[in-house]
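Containing CSV, C-alpha atoms and all ligand atoms: entry_33.csv.
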chain,number,residue,atom,x,y,z
A,1,ALA,CA,-50.3,-34.4,-8.2
A,2,GLY,CA,-51.6,-32.8,-11.5
A,3,CYS,CA,-52.9,-29.3,-11.8
A,4,SER,CA,-56.6,-29.0,-11.4
A,5,GLY,CA,-56.8,-25.6,-13.0
A,6,THR,CA,-58.8,-25.4,-16.2
A,7,GLY,CA,-57.4,-22.5,-18.1
A,8,ASP,CA,-59.6,-19.5,-18.7
A,9,GLY,CA,-61.4,-18.6,-15.5
A,10,GLY,CA,-63.7,-16.1,-17.3
A,11,ASP,CA,-61.3,-13.3,-16.3
A,12,SER,CA,-61.8,-10.2,-18.3
A,13,GLY,CA,-58.9,-8.3,-16.8
A,14,GLY,CA,-56.4,-9.3,-19.4
A,15,GLY,CA,-52.8,-10.3,-18.9
A,16,THR,CA,-53.7,-13.5,-17.1
A,17,GLY,CA,-51.6,-16.0,-19.0
A,18,GLY,CA,-49.6,-18.3,-16.9
A,19,LEU,CA,-51.8,-17.9,-13.8
A,20,VAL,CA,-52.6,-21.6,-13.9
A,21,GLY,CA,-49.6,-23.6,-12.8
A,22,THR,CA,-48.4,-27.1,-12.4
A,23,GLY,CA,-48.5,-29.2,-9.2
A,24,THR,CA,-50.4,-28.5,-6.1
A,25,GLY,CA,-49.6,-27.3,-2.6
A,26,ALA,CA,-45.9,-26.7,-1.8
A,27,SER,CA,-44.9,-28.0,-5.3
A,28,CYS,CA,-47.1,-25.6,-7.2
A,29,VAL,CA,-45.3,-23.6,-9.8
A,30,ILE,CA,-47.1,-20.6,-11.5
A,31,GLU,CA,-45.2,-18.9,-14.4
A,32,SER,CA,-46.5,-15.3,-14.2
A,33,PRO,CA,-46.3,-13.2,-11.0
A,34,VAL,CA,-49.5,-13.3,-9.1
A,35,LYS,CA,-50.9,-9.7,-8.8
A,36,ILE,CA,-52.5,-8.9,-5.5
A,37,GLY,CA,-54.0,-5.4,-5.0
A,38,ALA,CA,-54.7,-3.7,-1.7
A,39,ALA,CA,-57.0,-0.7,-1.1
A,40,LEU,CA,-55.9,0.7,2.2
A,41,SER,CA,-56.6,3.9,4.1
A,42,LEU,CA,-53.1,5.3,4.2
A,43,THR,CA,-54.4,8.9,4.6
A,44,GLY,CA,-57.6,10.4,6.1
A,45,GLY,CA,-59.4,9.4,9.3
A,46,ALA,CA,-58.5,5.7,9.1
A,47,GLY,CA,-54.9,6.3,8.2
A,48,SER,CA,-53.6,4.7,11.4
A,49,TYR,CA,-55.4,1.4,10.7
A,50,GLY,CA,-54.0,1.5,7.1
A,51,ALA,CA,-50.4,2.0,8.2
A,52,SER,CA,-50.6,-1.2,10.3
A,53,GLN,CA,-52.2,-3.1,7.5
A,54,GLN,CA,-49.5,-2.1,5.0
A,55,GLN,CA,-46.8,-3.3,7.3
A,56,GLY,CA,-48.6,-6.6,7.9
A,57,LEU,CA,-48.9,-7.1,4.2
A,58,GLU,CA,-45.2,-6.2,3.5
A,59,LEU,CA,-44.0,-8.7,6.0
A,60,ALA,CA,-46.2,-11.5,4.7
A,61,LEU,CA,-45.2,-10.7,1.1
A,62,GLU,CA,-41.5,-10.9,1.9
A,63,GLU,CA,-41.9,-14.3,3.6
A,64,LEU,CA,-44.1,-15.8,0.9
A,65,ASN,CA,-41.9,-14.6,-1.9
A,66,ALA,CA,-39.0,-16.5,-0.2
A,67,ALA,CA,-40.9,-19.7,-0.9
A,68,ASP,CA,-40.6,-21.6,-4.2
A,69,GLY,CA,-43.0,-21.7,-7.1
A,70,ILE,CA,-45.0,-18.5,-6.8
A,71,GLU,CA,-44.0,-14.9,-7.0
A,72,TYR,CA,-46.5,-12.4,-5.6
A,73,LYS,CA,-46.6,-8.8,-6.8
A,74,LEU,CA,-48.4,-6.6,-4.3
A,75,SER,CA,-49.7,-3.2,-5.3
A,76,ILE,CA,-50.9,-1.1,-2.4
A,77,GLU,CA,-53.1,1.9,-3.2
A,78,ASP,CA,-54.5,4.6,-0.9
A,79,ASP,CA,-58.3,4.7,-0.6
A,80,ALA,CA,-57.9,7.9,1.5
A,81,SER,CA,-60.6,6.6,3.9
A,82,GLU,CA,-63.1,7.8,1.3
A,83,PRO,CA,-65.8,5.7,-0.6
A,84,ARG,CA,-65.1,7.6,-3.9
A,85,GLN,CA,-61.4,7.0,-3.8
A,86,GLY,CA,-62.1,3.3,-2.9
A,87,ILE,CA,-64.2,3.0,-6.0
A,88,SER,CA,-61.6,4.5,-8.2
A,89,VAL,CA,-58.8,2.2,-6.8
A,90,MET,CA,-61.1,-0.9,-7.2
A,91,GLU,CA,-61.8,0.0,-10.8
A,92,THR,CA,-58.1,0.2,-11.6
A,93,PHE,CA,-57.5,-3.2,-10.0
A,94,ALA,CA,-60.5,-4.7,-11.8
A,95,GLY,CA,-59.1,-3.6,-15.1
A,96,ASP,CA,-55.5,-4.6,-14.7
A,97,GLY,CA,-55.5,-8.3,-14.3
A,98,THR,CA,-55.2,-8.3,-10.5
A,99,SER,CA,-56.1,-11.7,-9.1
A,100,ILE,CA,-57.6,-10.5,-5.8
A,101,VAL,CA,-57.9,-7.3,-3.9
A,102,LEU,CA,-57.5,-6.9,-0.1
A,103,GLY,CA,-59.5,-4.1,1.6
A,104,PRO,CA,-60.8,-1.4,1.5
A,105,THR,CA,-59.9,-0.7,5.2
A,106,LEU,CA,-63.3,0.8,6.2
A,107,SER,CA,-66.7,-1.0,5.9
A,108,ASN,CA,-68.0,2.5,4.8
A,109,THR,CA,-65.7,2.4,1.8
A,110,ALA,CA,-66.1,-1.3,1.2
A,111,VAL,CA,-69.9,-1.1,0.7
A,112,ALA,CA,-69.2,1.4,-2.1
A,113,ALA,CA,-66.2,-0.3,-3.7
A,114,MET,CA,-66.6,-4.0,-3.3
A,115,PRO,CA,-69.5,-4.2,-5.7
A,116,ILE,CA,-67.1,-3.1,-8.4
A,117,ALA,CA,-64.9,-6.1,-7.7
A,118,ASN,CA,-67.9,-8.5,-7.5
A,119,GLU,CA,-69.2,-7.2,-10.9
A,120,ALA,CA,-65.8,-7.8,-12.4
A,121,SER,CA,-65.8,-11.4,-11.0
A,122,MET,CA,-62.6,-10.4,-9.1
A,123,PRO,CA,-62.3,-11.8,-5.6
A,124,VAL,CA,-62.0,-9.2,-2.9
A,125,MET,CA,-61.2,-9.9,0.8
A,126,GLY,CA,-61.9,-7.5,3.6
A,127,ILE,CA,-59.1,-7.6,6.2
A,128,SER,CA,-60.6,-5.2,8.7
A,129,THR,CA,-64.2,-4.7,7.6
A,130,THR,CA,-66.6,-5.8,10.4
A,131,ALA,CA,-70.0,-4.4,9.5
A,132,GLY,CA,-72.9,-6.8,8.9
A,133,GLY,CA,-73.8,-7.6,5.4
A,134,ILE,CA,-70.5,-7.0,3.7
A,135,THR,CA,-70.1,-10.5,2.1
A,136,ASP,CA,-73.8,-10.3,1.0
A,137,ILE,CA,-72.5,-7.9,-1.7
A,138,GLY,CA,-71.8,-11.0,-3.8
A,139,GLU,CA,-70.1,-14.4,-4.3
A,140,PHE,CA,-66.6,-12.8,-4.9
A,141,VAL,CA,-66.6,-11.0,-1.6
A,142,PHE,CA,-64.8,-12.6,1.4
A,143,ARG,CA,-63.2,-11.4,4.6
A,144,ASP,CA,-60.8,-12.6,7.2
A,145,SER,CA,-62.0,-10.0,9.7
A,146,LEU,CA,-64.5,-11.2,12.3
A,147,THR,CA,-67.7,-9.2,12.2
A,148,GLU,CA,-69.0,-7.1,15.1
A,149,ALA,CA,-71.7,-9.8,15.4
A,150,GLN,CA,-69.0,-12.4,16.0
A,151,VAL,CA,-67.2,-10.4,18.7
A,152,ILE,CA,-69.5,-7.9,20.4
A,153,PRO,CA,-71.9,-10.4,22.1
A,154,GLN,CA,-69.2,-12.2,24.0
A,155,THR,CA,-67.5,-8.9,24.8
A,156,ILE,CA,-70.7,-7.5,26.4
A,157,ASP,CA,-71.4,-10.7,28.2
A,158,ALA,CA,-67.9,-10.7,29.7
A,159,VAL,CA,-68.2,-7.1,30.8
A,160,ILE,CA,-71.7,-7.7,32.4
A,161,ASP,CA,-70.1,-10.6,34.3
A,162,GLU,CA,-66.9,-8.9,35.2
A,163,TYR,CA,-68.4,-5.6,36.4
A,164,ASP,CA,-71.9,-6.8,37.4
A,165,LEU,CA,-73.5,-4.3,35.0
A,166,LYS,CA,-77.1,-3.3,35.6
A,167,LYS,CA,-77.4,-0.1,33.5
A,168,VAL,CA,-75.4,1.4,30.7
A,169,VAL,CA,-75.4,4.4,28.3
A,170,VAL,CA,-74.7,3.6,24.6
A,171,MET,CA,-73.0,6.1,22.3
A,172,TYR,CA,-72.3,5.8,18.6
A,173,SER,CA,-71.6,7.8,15.5
A,174,ASN,CA,-74.5,7.5,13.1
A,175,ASP,CA,-72.8,8.4,9.9
A,176,ASP,CA,-70.6,5.4,9.2
A,177,ALA,CA,-71.5,1.9,8.0
A,178,PHE,CA,-69.3,0.2,10.6
A,179,THR,CA,-70.2,2.3,13.6
A,180,GLU,CA,-73.9,1.9,12.8
A,181,SER,CA,-73.6,-1.8,12.4
A,182,GLY,CA,-71.6,-2.1,15.6
A,183,TYR,CA,-74.3,-0.1,17.4
A,184,GLU,CA,-77.0,-2.4,16.2
A,185,VAL,CA,-75.2,-5.5,17.5
A,186,MET,CA,-74.6,-3.7,20.8
A,187,ALA,CA,-78.2,-2.7,21.1
A,188,GLU,CA,-79.5,-6.2,20.2
A,189,THR,CA,-77.1,-7.9,22.6
A,190,LEU,CA,-78.1,-5.6,25.5
A,191,GLU,CA,-81.7,-6.3,24.7
A,192,GLY,CA,-81.2,-9.9,25.4
A,193,THR,CA,-79.8,-9.3,28.9
A,194,ASN,CA,-81.1,-7.7,32.1
A,195,VAL,CA,-79.0,-4.6,31.6
A,196,GLU,CA,-81.0,-1.4,31.2
A,197,VAL,CA,-80.0,1.0,28.5
A,198,LEU,CA,-80.5,4.4,30.2
A,199,ASP,CA,-79.9,6.4,27.1
A,200,THR,CA,-78.5,6.2,23.5
A,201,LEU,CA,-76.5,9.2,22.3
A,202,THR,CA,-75.4,9.8,18.7
A,203,PHE,CA,-72.6,11.8,17.3
A,204,SER,CA,-70.7,12.3,14.0
A,205,LYS,CA,-67.5,10.5,13.2
A,206,ALA,CA,-65.9,13.9,12.6
A,207,ASP,CA,-66.8,15.2,16.1
A,208,THR,CA,-64.0,15.9,18.5
A,209,ASP,CA,-65.9,17.5,21.4
A,210,PHE,CA,-68.0,15.0,23.3
A,211,ARG,CA,-68.3,17.0,26.6
A,212,SER,CA,-72.0,17.8,26.5
A,213,LEU,CA,-72.9,14.2,25.4
A,214,LEU,CA,-70.6,12.8,28.1
A,215,THR,CA,-72.1,15.1,30.7
A,216,ALA,CA,-75.5,13.9,29.8
A,217,ALA,CA,-74.3,10.3,30.0
A,218,LYS,CA,-72.7,10.9,33.4
A,219,ASP,CA,-75.9,12.4,34.8
A,220,LYS,CA,-77.6,9.1,34.1
A,221,ASN,CA,-75.1,7.4,36.4
A,222,PRO,CA,-74.5,4.3,34.2
A,223,ASP,CA,-72.3,1.3,35.3
A,224,ALA,CA,-70.5,1.5,31.9
A,225,ILE,CA,-70.5,3.3,28.6
A,226,VAL,CA,-70.8,1.2,25.5
A,227,VAL,CA,-69.4,2.9,22.4
A,228,SER,CA,-69.3,2.2,18.6
A,229,ALA,CA,-66.8,4.6,17.1
A,230,LEU,CA,-63.8,4.9,14.9
A,231,ILE,CA,-60.4,5.7,16.4
A,232,GLU,CA,-60.5,9.5,15.6
A,233,ALA,CA,-63.6,9.9,17.7
A,234,ALA,CA,-62.7,7.2,20.3
A,235,ILE,CA,-59.6,9.1,21.4
A,236,PRO,CA,-61.2,12.4,22.4
A,237,LEU,CA,-64.3,10.6,23.7
A,238,VAL,CA,-62.3,8.5,26.1
A,239,THR,CA,-60.0,11.4,27.1
A,240,GLN,CA,-62.9,13.7,27.8
A,241,ALA,CA,-64.9,11.0,29.7
A,242,ARG,CA,-62.0,10.7,32.2
A,243,GLU,CA,-61.6,14.5,32.4
A,244,LEU,CA,-65.2,14.7,33.3
A,245,GLY,CA,-64.8,12.2,36.1
A,246,ILE,CA,-66.3,9.2,34.4
A,247,GLU,CA,-64.4,6.3,35.9
A,248,GLN,CA,-66.7,3.6,34.8
A,249,PRO,CA,-65.6,1.0,32.2
A,250,ILE,CA,-65.9,2.1,28.6
A,251,VAL,CA,-66.6,-0.7,26.2
A,252,GLY,CA,-65.6,-0.3,22.5
A,253,GLY,CA,-66.1,-2.1,19.2
A,254,ASN,CA,-63.5,-2.9,16.6
A,255,GLY,CA,-62.6,0.8,16.1
A,256,PHE,CA,-60.9,0.8,19.5
A,257,ASN,CA,-58.5,-2.0,18.5
A,258,ASN,CA,-55.8,0.5,17.8
A,259,PRO,CA,-52.7,1.3,19.9
A,260,LYS,CA,-53.2,4.9,18.9
A,261,LEU,CA,-55.8,4.9,21.6
A,262,MET,CA,-53.2,4.3,24.3
A,263,ALA,CA,-50.6,6.5,22.6
A,264,ASP,CA,-52.9,9.5,22.3
A,265,ALA,CA,-55.3,9.1,25.2
A,266,GLY,CA,-52.6,7.9,27.7
A,267,ASP,CA,-53.9,7.0,31.1
A,268,ALA,CA,-57.5,7.8,30.1
A,269,ALA,CA,-57.5,4.6,28.0
A,270,GLU,CA,-56.8,2.4,31.1
A,271,GLY,CA,-59.8,0.1,31.7
A,272,VAL,CA,-61.2,0.4,28.2
A,273,VAL,CA,-62.6,-3.0,27.2
A,274,VAL,CA,-62.6,-4.1,23.6
A,275,GLY,CA,-63.4,-7.4,21.8
A,276,ALA,CA,-60.7,-8.4,19.4
A,277,ALA,CA,-60.1,-10.8,16.6
A,278,TRP,CA,-56.5,-11.3,17.5
A,279,ASN,CA,-54.9,-12.3,20.8
A,280,SER,CA,-51.5,-10.7,20.8
A,281,ALA,CA,-50.4,-13.0,23.6
A,282,SER,CA,-51.4,-16.2,21.8
A,283,ASP,CA,-48.6,-18.8,22.0
A,284,ASN,CA,-49.5,-20.5,18.7
A,285,ALA,CA,-46.4,-21.0,16.6
A,286,GLU,CA,-47.6,-18.8,13.7
A,287,ASN,CA,-48.3,-16.0,16.1
A,288,GLN,CA,-45.0,-16.3,17.9
A,289,ALA,CA,-43.2,-16.3,14.5
A,290,PHE,CA,-45.2,-13.3,13.4
A,291,LEU,CA,-44.4,-11.3,16.5
A,292,THR,CA,-40.7,-12.0,16.2
A,293,ALA,CA,-40.5,-11.2,12.5
A,294,TYR,CA,-42.6,-8.1,12.8
A,295,GLU,CA,-40.5,-6.7,15.6
A,296,ALA,CA,-37.3,-7.5,13.7
A,297,LYS,CA,-38.6,-5.8,10.5
A,298,PHE,CA,-40.3,-2.7,11.9
A,299,GLY,CA,-38.9,-2.3,15.4
A,300,ALA,CA,-42.4,-2.2,16.8
A,301,GLN,CA,-45.2,-4.5,17.9
A,302,PRO,CA,-47.9,-5.3,15.5
A,303,ASP,CA,-51.6,-4.6,16.2
A,304,GLN,CA,-54.7,-6.6,15.3
A,305,PHE,CA,-54.9,-4.8,11.9
A,306,ALA,CA,-51.4,-5.9,11.0
A,307,ALA,CA,-52.1,-9.4,12.1
A,308,GLN,CA,-55.3,-9.6,10.0
A,309,ALA,CA,-53.5,-8.2,6.9
A,310,TYR,CA,-50.6,-10.7,7.4
A,311,ALA,CA,-53.0,-13.6,7.8
A,312,ALA,CA,-54.9,-12.6,4.7
A,313,LEU,CA,-51.9,-13.1,2.4
A,314,TYR,CA,-51.2,-16.5,3.9
A,315,LEU,CA,-54.9,-17.4,3.3
A,316,ILE,CA,-54.5,-16.4,-0.3
A,317,ASP,CA,-51.3,-18.3,-0.7
A,318,SER,CA,-53.0,-21.3,0.8
A,319,ALA,CA,-55.9,-21.0,-1.6
A,320,VAL,CA,-53.7,-20.4,-4.7
A,321,ARG,CA,-51.6,-23.4,-3.9
A,322,SER,CA,-54.5,-25.7,-3.1
A,323,ASP,CA,-55.4,-26.0,-6.8
A,324,CYS,CA,-52.3,-24.2,-8.2
A,325,SER,CA,-54.2,-21.3,-9.9
A,326,ALA,CA,-54.5,-17.6,-9.3
A,327,GLU,CA,-57.2,-17.2,-11.9
A,328,ARG,CA,-60.0,-15.1,-10.4
A,329,ALA,CA,-62.7,-17.8,-10.8
A,330,ASP,CA,-60.5,-20.5,-9.5
A,331,LEU,CA,-59.4,-18.4,-6.6
A,332,ARG,CA,-63.0,-17.7,-5.6
A,333,GLU,CA,-63.6,-21.4,-5.3
A,334,SER,CA,-60.4,-22.2,-3.4
A,335,ILE,CA,-60.8,-19.3,-0.9
A,336,GLY,CA,-64.3,-20.5,-0.3
A,337,SER,CA,-63.0,-23.9,0.6
A,338,LEU,CA,-60.3,-22.8,3.1
A,339,LYS,CA,-60.5,-24.8,6.3
A,340,ASP,CA,-58.3,-24.5,9.4
A,341,VAL,CA,-55.5,-22.6,7.9
A,342,ALA,CA,-52.9,-21.9,10.7
A,343,THR,CA,-52.3,-18.2,11.1
A,344,PRO,CA,-51.5,-15.7,13.9
A,345,LEU,CA,-55.3,-15.3,14.3
A,346,GLY,CA,-55.6,-19.0,15.1
A,347,ALA,CA,-57.0,-21.6,12.7
A,348,VAL,CA,-59.0,-19.8,10.1
A,349,SER,CA,-61.9,-21.3,8.1
A,350,ILE,CA,-64.0,-19.5,5.5
A,351,ASN,CA,-67.7,-20.3,6.1
A,352,ALA,CA,-70.7,-20.6,3.7
A,353,ASP,CA,-71.3,-16.9,4.0
A,354,ARG,CA,-67.6,-16.3,2.9
A,355,ASP,CA,-66.9,-14.9,6.4
A,356,ALA,CA,-64.0,-16.0,8.5
A,357,GLU,CA,-64.3,-18.2,11.6
A,358,HIS,CA,-61.7,-18.3,14.3
A,359,PRO,CA,-61.4,-17.6,18.0
A,360,ALA,CA,-62.0,-14.1,19.4
A,361,VAL,CA,-60.8,-12.6,22.6
A,362,VAL,CA,-61.9,-9.9,25.1
A,363,GLN,CA,-59.2,-7.4,26.0
A,364,ILE,CA,-58.7,-4.6,28.5
A,365,VAL,CA,-56.3,-1.8,28.4
A,366,LYS,CA,-53.8,-2.2,31.2
A,367,ASP,CA,-50.5,-0.3,31.7
A,368,GLY,CA,-50.8,1.1,28.2
A,369,LYS,CA,-51.3,-2.3,26.5
A,370,PHE,CA,-54.1,-4.6,25.4
A,371,ALA,CA,-54.3,-7.5,27.9
A,372,VAL,CA,-56.6,-10.5,27.9
A,373,LEU,CA,-59.7,-9.9,30.1
A,374,ARG,CA,-60.9,-13.4,29.3
A,401,LIG,C1,-64.9,-1.3,9.8
A,401,LIG,C2,-64.0,-1.4,11.0
A,401,LIG,C3,-62.9,-0.4,11.2
A,401,LIG,C4,-62.6,-0.2,12.6
A,401,LIG,C5,-61.8,-0.8,10.3
A,401,LIG,C6,-60.5,-0.1,10.5
A,401,LIG,O1,-64.1,-2.4,11.7
A,401,LIG,O2,-64.9,-0.2,9.1
A,401,LIG,O3,-65.5,-2.3,9.5
For the file at hand, write its structure as structure tokens.
Amino acid sequence: AGCSGTGDGGDSGGGTGGLVGTGTGASCVIESPVKIGAALSLTGGAGSYGASQQQGLELALEELNAADGIEYKLSIEDDASEPRQGISVMETFAGDGTSIVLGPTLSNTAVAAMPIANEASMPVMGISTTAGGITDIGEFVFRDSLTEAQVIPQTIDAVIDEYDLKKVVVMYSNDDAFTESGYEVMAETLEGTNVEVLDTLTFSKADTDFRSLLTAAKDKNPDAIVVSALIEAAIPLVTQARELGIEQPIVGGNGFNNPKLMADAGDAAEGVVVGAAWNSASDNAENQAFLTAYEAKFGAQPDQFAAQAYAALYLIDSAVRSDCSAERADLRESIGSLKDVATPLGAVSINADRDAEHPAVVQIVKDGKFAVLR
């Protein structure tokens, strides 16, 4: 098979010679190392998500670089969980010939930083961003992370069914792009059911004392509390809810998909329900291989964020090999055409909105671990 790449992809980053190779698929050979950037929250409030993402990427990088024909060079930079730092990291990647950037970790940072990539005609792929509208930033913006809108409705439906919910209290932090977007999906989903929303309580993502809000919630006597929060708020919120005697199910959005919840909240996390983009128990071959390799490399079990990061590098490799080019413009086309790529997340396709499609799962914390609710 001949190479379908056509030379200059309109890339202004410089240093892109040799990014169009010969052959396709497994036989593709690209001369220059393919530069992949990652803007991850290694410090700051989202640091626990970023640490998992880094490990997922490092494992995939090692595996992919063992294959013939393409060498990937991965550069991971800390976005510090901050939009400003995310912008600065993205500007550096846009100017240094990087083929594609993964991240930033938070939607709140992504909405500020991804426009820089899009304006530079450099593909960028969110690997944990779940707020609505992210890929609307432009035609170079992709993600392999399912959105809140793809996960929350089935999660709420499952909880209504499982616990025969009639009335809930909703809580969310109203100063973050992801938590606000997650709240909107929760509210809309609940509106389409017979469940009554007794109250909606807001807080800041920096808050750590939820006792007065939780007392107000408890006084309403809800059947469950539905929460859109990042992990740093979720941990004290769940802990204090149980301390105040709230035994009802707590239903969380993507921010809760973090084993730090069980590590730090301990028994209080039991019974928390959360929709997830990755089923750790999935017996598909890619997932089983991922679990084994991750455990061997890091001596720990991966979480959803590691799985999504790992899957993203495989999606990129699949795209690069499909037309044997890592030029930015070619990559934009080839990522947009990905269909049914086998990953630990299941078979991933990129849809017309440049979002990922693959199965989701509803999980419940049981004995300190995420288990499948349904
Ligand atoms: C977002 C999220 C966070 C939980 C990512 C770590 O889903 O910011 O979109």
Fill in: Nearby residues (all atoms listed in the file) at most 10 Å from Leu237 of chain A, same-chain spacing under 6 positions excluded, as a VMD selection string
chain A and resid 171 207 to 211 213 to 214 227 229 231 243 250 265 268
Could you write those residues out with C-alpha atoms, as a short mmCIF file (atom, residue, chain, number, x, y, z; two decimals), keeping the file's coordinate frame?
data_model
loop_
_atom_site.label_atom_id
_atom_site.label_comp_id
_atom_site.auth_asym_id
_atom_site.auth_seq_id
_atom_site.Cartn_x
_atom_site.Cartn_y
_atom_site.Cartn_z
CA MET A 171 -73.00 6.10 22.30
CA ASP A 207 -66.80 15.20 16.10
CA THR A 208 -64.00 15.90 18.50
CA ASP A 209 -65.90 17.50 21.40
CA PHE A 210 -68.00 15.00 23.30
CA ARG A 211 -68.30 17.00 26.60
CA LEU A 213 -72.90 14.20 25.40
CA LEU A 214 -70.60 12.80 28.10
CA VAL A 227 -69.40 2.90 22.40
CA ALA A 229 -66.80 4.60 17.10
CA ILE A 231 -60.40 5.70 16.40
CA GLU A 243 -61.60 14.50 32.40
CA ILE A 250 -65.90 2.10 28.60
CA ALA A 265 -55.30 9.10 25.20
CA ALA A 268 -57.50 7.80 30.10
#
Discussion item. Nearest residue to ligand LIG 401 (chain A) out of A:Val34, A:Ala158, A:Leu64, A:Ala306, using only C-alpha atoms and all ligand atoms?
Written reply: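 The shortest atom-to-atom distance to ligand LIG 401 (chain A) comes from A:Ala306.
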Report the closest atom pair, with its distance in Å rounded to one decimal, for each residue of chain A that has an atom no farther than 6 Å from ligand LIG 401 (chain A); count all atoms listed in the file, sort by chain and then rising residue number, and write it as CSV.
residue,atom,partner,partner_atom,distance
A:Tyr49,CA,A:LIG401,C6,5.3
A:Thr105,CA,A:LIG401,C6,5.4
A:Leu106,CA,A:LIG401,O2,3.5
A:Ser107,CA,A:LIG401,O2,3.8
A:Asn108,CA,A:LIG401,O2,5.9
A:Ser128,CA,A:LIG401,C5,4.8
A:Thr129,CA,A:LIG401,O3,3.3
A:Thr130,CA,A:LIG401,O3,3.8
A:Ala131,CA,A:LIG401,O3,5.0
A:Phe178,CA,A:LIG401,O2,4.7
A:Leu230,CA,A:LIG401,C4,5.7
A:Asn254,CA,A:LIG401,C4,4.9
A:Gly255,CA,A:LIG401,C4,3.6
Discussion item. Could you list, as number ranges by chain, every residue within 10 Å of Thr43 of chain A, counting only C-alpha atoms and ignoring same-chain residues fewer than 4 positions away?
Written reply: A: 47-51, 78-82
Worksheet item: So how far away is atom CA of Val20 of chain A from atom CA of Ala39 of chain A, in Å?
Response: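 It comes out at 24.9 Å.
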Item to complete: Rounded to one decimal place, report the atom CA of Leu345 of chain A-atom CA of Ile127 of chain A distance in Å.
Response: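 Interatomic distance, atom CA of Leu345 of chain A to atom CA of Ile127 of chain A: 11.8 Å.
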Worksheet item: How many Å lie between atom CA of Leu331 of chain A and atom CA of Asp303 of chain A, rounded to one decimal?
Response: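 Interatomic distance here is 27.8 Å.
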Considering only C-alpha atoms, tabulate each residue of segment 48-143 of chain A that lies at most 10 Å from segment 288-291 of chain A along with its nearest interatomic pair and the corresponding distance in Å to one decimal; arrange the rows by chain and ascending residue number and present them as JSON lines.
{"residue": "A:Gly56", "atom": "CA", "partner": "A:Phe290", "partner_atom": "CA", "distance": 9.3}
{"residue": "A:Leu59", "atom": "CA", "partner": "A:Phe290", "partner_atom": "CA", "distance": 8.8}
{"residue": "A:Ala60", "atom": "CA", "partner": "A:Phe290", "partner_atom": "CA", "distance": 8.9}
Item to complete: Identify which of the residues A:Asp317, A:Asp68, A:Asp223, A:Glu58 lies closest to Asp164 of chain A, counting only C-alpha atoms when measuring atom-to-atom distances.
Response: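 Under the stated criterion, the closest residue is A:Asp223.
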Fill in: For Ser212 of chain A: contacts at 12 Å, all atoms listed in the file, fewer than 5 positions along chain excluded, given as number ranges by chain
A: 201-203, 207, 217-219, 237, 240-241, 244
Item to complete: Could you check which of A:Gln248, A:Thr343, A:Asn65, A:Ser282 is closest to Val168 of chain A, using all atoms listed in the file?
Response: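 The closest residue to Val168 of chain A is A:Gln248.
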Fill in: Closest of A:Ala285, A:Val195, A:Ile137, A:Leu313 to Asp353 of chain A - atom-to-atom distances counting all atoms listed in the file
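The closest residue to Asp353 of chain A is A:Ile137.
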Worksheet item: So which residues touch Asp161 of chain A within 12 Å, counting all atoms listed in the file, skipping near sequence neighbours fewer than 6 positions away, as a ChimeraX atom specification?
Response: /A:154-155,193-195,373-374
If I only have part of segment 301-308 of chain A, can you fill in N, CA, C and O atoms and write it as a PDB file, keeping the file's coordinate frame?
ATOM      1  N   GLN A 301     -44.235  -3.337  17.839  1.00  0.00           N
ATOM      2  CA  GLN A 301     -45.200  -4.500  17.900  1.00  0.00           C
ATOM      3  C   GLN A 301     -46.334  -4.305  16.999  1.00  0.00           C
ATOM      4  O   GLN A 301     -46.831  -3.198  16.796  1.00  0.00           O
ATOM      5  N   PRO A 302     -46.784  -5.411  16.411  1.00  0.00           N
ATOM      6  CA  PRO A 302     -47.900  -5.300  15.500  1.00  0.00           C
ATOM      7  C   PRO A 302     -49.231  -5.109  16.309  1.00  0.00           C
ATOM      8  O   PRO A 302     -49.263  -5.333  17.517  1.00  0.00           O
ATOM      9  N   ASP A 303     -50.275  -4.666  15.615  1.00  0.00           N
ATOM     10  CA  ASP A 303     -51.600  -4.600  16.200  1.00  0.00           C
ATOM     11  C   ASP A 303     -52.514  -5.606  15.476  1.00  0.00           C
ATOM     12  O   ASP A 303     -52.066  -6.317  14.570  1.00  0.00           O
ATOM     13  N   GLN A 304     -53.776  -5.625  15.880  1.00  0.00           N
ATOM     14  CA  GLN A 304     -54.700  -6.600  15.300  1.00  0.00           C
ATOM     15  C   GLN A 304     -54.811  -6.358  13.755  1.00  0.00           C
ATOM     16  O   GLN A 304     -54.944  -7.319  12.988  1.00  0.00           O
ATOM     17  N   PHE A 305     -54.737  -5.112  13.300  1.00  0.00           N
ATOM     18  CA  PHE A 305     -54.900  -4.800  11.900  1.00  0.00           C
ATOM     19  C   PHE A 305     -53.736  -5.354  11.051  1.00  0.00           C
ATOM     20  O   PHE A 305     -53.910  -5.836   9.932  1.00  0.00           O
ATOM     21  N   ALA A 306     -52.556  -5.286  11.633  1.00  0.00           N
ATOM     22  CA  ALA A 306     -51.400  -5.900  11.000  1.00  0.00           C
ATOM     23  C   ALA A 306     -51.517  -7.391  10.931  1.00  0.00           C
ATOM     24  O   ALA A 306     -51.215  -8.025   9.917  1.00  0.00           O
ATOM     25  N   ALA A 307     -51.990  -7.977  12.022  1.00  0.00           N
ATOM     26  CA  ALA A 307     -52.100  -9.400  12.100  1.00  0.00           C
ATOM     27  C   ALA A 307     -53.166  -9.936  11.066  1.00  0.00           C
ATOM     28  O   ALA A 307     -52.953 -10.954  10.393  1.00  0.00           O
ATOM     29  N   GLN A 308     -54.273  -9.209  10.948  1.00  0.00           N
ATOM     30  CA  GLN A 308     -55.300  -9.600  10.000  1.00  0.00           C
ATOM     31  C   GLN A 308     -54.823  -9.492   8.543  1.00  0.00           C
ATOM     32  O   GLN A 308     -55.156 -10.307   7.682  1.00  0.00           O
TER      33      GLN A 308
END
